[in-house]
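Below is one structure, written out as structure tokens, with a few remarks after it.
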Amino acid sequence: MEAHLIPTAPSSMYYIADFITAEEEAFLLRSIPSNRWVPLSHRRLQALPSRLTTNSTLLPSPLPAWLEHPVLERLKSLDGIFADAPHGINHCLINEYLPGQGIMPHEDGGAYHPVVATVSLGGSTVLEVSQKRTADSVSAGTLEDPSSGAGTKTWRILQEPRSLLVTCGSAYTETLHGIAEVMEDADLSEHTVANWSLLSDRQQILNQGGRSERATRISLTLRDVKKVSGLGAKLFGKTR
Ligand SMILES: O=C(O)CCC(=O)C(=O)O
Ligand SMILES: [Fe+2]
């Protein structure tokens with residue numbers, strides 16, 4: 001995994017270009033159930049095996065076979081990313097974004113073990129990661145430019161189709177992440193993209209003058225929900 005560490009991002013984020021093949025991507029896109037989408041105002045969403053209960057508990061049930069092979073199997077083979085997770089991966093949120101759609105800056109929070117693995121399908125996007133603003137970091141801005149405080153430091157992670165992004169440690173607990181609602185991402189270069197050296201296709205971006213048009217993108221975000229309810233937990237909780 002060390003070869004995939006994003007050098008300038010908060011510790012620790014890993015980017016693996018071409019984590020799956022184009023055939024596997026097409027298989028995943030075909031396999032996502034078409035009748036389980038929950039429409040939101042700026043994207044649509046589904047949760048596998050189900051949404052969490054109001055107190056952030058998972059009613060456990062096996063993840064579908066189409067997710068197990070190849071994605072979950074391959075994740076298990078990457079040394080140790082979910083090694084400390086109490087249950088292993090037991091939950092998958094699927095987000096779909098049309099061009100111009102995104103997600104507000106947020107943190108994924110304490111319902112999950114602090115590791116998330118994101119597989120991107122379809123289009124490219126830029127994930128904007130920013131240090132959480134605390135009273136201390138806001139006051140660290142200068143008088144001339146209050147926004148220069150540590151609280152506003154941001155990193156841009158370009159997520160290409162078929163890539164894997166792993167976010168853990170203080171990158172999980174101390175930062176926010178979001179996706180801007182734009183039709184294209186611009187000003188992409190080795191100076192602005194934290195994972196530039198790890199990208200699959202830098203040349204294409206250079207050929208496009210540092211621009212990347214948005215296309216429909218689907219992300220699979222794989223996590224370990226900490227609270228698993230009752231009997232089902234005994235049957236299905238341990239998925240590793
Ligand atoms: O689509 C993505 O890459 C991010 C999704 C996300 O932040 C989430 O589901 O919590
Ligand atoms: Fe998130």
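As shown in the structure tokens, the chain order sets the letters A, B, ...; within each chain, residues go from 1, and ligands are also counted from 1 in the order they appear.
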Shell of 6 Å around ligand 1 (only C-alpha atoms and all ligand atoms), written as a compact mmCIF listing (two decimals) with all heavy atoms, in the first residue's frame:
```
# COMPACT_ATOMS: atom_id res chain seq x y z
N LEU A 93 -22.49 2.13 0.62
CA LEU A 93 -23.36 3.21 0.14
C LEU A 93 -23.03 3.44 -1.32
O LEU A 93 -21.84 3.53 -1.68
CB LEU A 93 -23.09 4.50 0.90
CG LEU A 93 -23.89 4.83 2.15
CD1 LEU A 93 -23.48 6.21 2.65
CD2 LEU A 93 -25.39 4.77 1.89
N ASN A 95 -23.59 6.08 -4.37
CA ASN A 95 -24.04 7.42 -4.75
C ASN A 95 -23.94 7.58 -6.25
O ASN A 95 -22.95 7.15 -6.85
CB ASN A 95 -23.13 8.49 -4.11
CG ASN A 95 -23.46 8.74 -2.66
OD1 ASN A 95 -24.53 9.25 -2.33
ND2 ASN A 95 -22.56 8.35 -1.77
N ASP A 108 -17.80 11.54 7.59
CA ASP A 108 -18.62 10.33 7.61
C ASP A 108 -19.00 9.93 9.02
O ASP A 108 -20.03 9.29 9.23
CB ASP A 108 -17.91 9.20 6.87
CG ASP A 108 -17.87 9.46 5.36
OD1 ASP A 108 -18.52 10.42 4.90
OD2 ASP A 108 -17.18 8.70 4.65
N SER A 219 -20.34 6.02 -7.23
CA SER A 219 -19.29 5.60 -6.29
C SER A 219 -19.85 4.54 -5.36
O SER A 219 -21.01 4.60 -4.94
CB SER A 219 -18.77 6.80 -5.49
OG SER A 219 -19.78 7.34 -4.67
N THR A 221 -19.07 3.20 -1.73
CA THR A 221 -18.27 3.47 -0.54
C THR A 221 -18.49 2.34 0.45
O THR A 221 -19.61 2.07 0.89
CB THR A 221 -18.59 4.85 0.09
OG1 THR A 221 -19.98 4.96 0.32
CG2 THR A 221 -18.14 5.97 -0.81
```
Kindly provide, as a CSV table (one decimal) with N, CA, C and O atoms, in the first residue's frame, all nucleotide and amino acid residues lying within 8 Å of ligand 2, counting only C-alpha atoms and all ligand atoms.
```csv
chain,number,residue,atom,x,y,z
A,106,HIS,N,-18.6,17.3,4.3
A,106,HIS,CA,-19.2,16.6,5.5
A,106,HIS,C,-18.1,15.6,6.0
A,106,HIS,O,-17.1,15.4,5.3
A,107,GLU,N,-18.3,15.1,7.1
A,107,GLU,CA,-17.5,14.0,7.6
A,107,GLU,C,-18.4,12.7,7.7
A,107,GLU,O,-19.6,12.8,7.9
A,108,ASP,N,-17.8,11.5,7.6
A,108,ASP,CA,-18.6,10.3,7.6
A,108,ASP,C,-19.0,9.9,9.0
A,108,ASP,O,-20.0,9.3,9.2
A,177,HIS,N,-15.0,16.2,3.5
A,177,HIS,CA,-14.8,16.0,2.1
A,177,HIS,C,-16.1,16.3,1.4
A,177,HIS,O,-17.2,16.2,2.0
A,178,GLY,N,-16.0,16.8,0.2
A,178,GLY,CA,-17.1,17.2,-0.6
A,178,GLY,C,-16.8,17.2,-2.1
A,178,GLY,O,-15.6,17.0,-2.5
```
_Using DSSP assignments from the backbone, pull out every residue in range 59-239 of chain A that falls under alpha helix (DSSP H) and give it to me as a ChimeraX atom specification._
/A:65-67,73-77,135-139,169-173,202-207,230-236
*So which residues of range 140-232 of chain A fall under strand (DSSP E) by DSSP, listed as a PyMOL selection string?*
chain A and resi 154-159+164-168+175-179+184-185+212-213+217-223+227-228
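Counting only C-alpha atoms, range 24-39 of chain A has the following residues at most 7 Å away, ignoring those fewer than 4 positions along the same chain: Ile20, Arg43, Arg44, Leu45, Gln46, Trp66, Leu121 and Arg162 of chain A.
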Please produce an output containing N, CA and C atoms for each residue in the selection, written as an mmCIF file, in the first residue's frame.
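Wrote it out as out_19.cif, contents follow:
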```cif
data_model
loop_
_atom_site.group_PDB
_atom_site.id
_atom_site.type_symbol
_atom_site.label_atom_id
_atom_site.label_comp_id
_atom_site.auth_asym_id
_atom_site.auth_seq_id
_atom_site.Cartn_x
_atom_site.Cartn_y
_atom_site.Cartn_z
ATOM 1 N N ILE A 20 -9.973 -1.770 -10.697
ATOM 2 C CA ILE A 20 -10.763 -2.774 -11.428
ATOM 3 C C ILE A 20 -10.595 -2.519 -12.923
ATOM 4 N N ARG A 43 -28.420 14.304 -5.815
ATOM 5 C CA ARG A 43 -27.829 13.042 -6.257
ATOM 6 C C ARG A 43 -28.818 11.958 -5.886
ATOM 7 N N ARG A 44 -28.564 10.704 -6.241
ATOM 8 C CA ARG A 44 -29.381 9.631 -5.694
ATOM 9 C C ARG A 44 -28.492 8.601 -5.045
ATOM 10 N N LEU A 45 -29.094 7.781 -4.200
ATOM 11 C CA LEU A 45 -28.339 7.014 -3.227
ATOM 12 C C LEU A 45 -29.025 5.680 -2.983
ATOM 13 N N GLN A 46 -28.235 4.637 -2.715
ATOM 14 C CA GLN A 46 -28.809 3.413 -2.149
ATOM 15 C C GLN A 46 -27.808 2.796 -1.192
ATOM 16 N N TRP A 66 -22.366 -10.010 -6.259
ATOM 17 C CA TRP A 66 -21.718 -9.195 -7.299
ATOM 18 C C TRP A 66 -20.731 -8.201 -6.695
ATOM 19 N N LEU A 121 -16.957 4.599 -10.535
ATOM 20 C CA LEU A 121 -17.423 4.000 -11.788
ATOM 21 C C LEU A 121 -17.965 5.103 -12.688
ATOM 22 N N ARG A 162 -12.777 3.592 -12.199
ATOM 23 C CA ARG A 162 -12.104 2.309 -11.910
ATOM 24 C C ARG A 162 -11.035 2.415 -10.820
#
```
*In terms of the shortest atom-to-atom distance over only C-alpha atoms, which of A:Ile205, A:Val166, A:Leu75, A:Ile157 is closest to Val116 in chain A?*
A:Val166
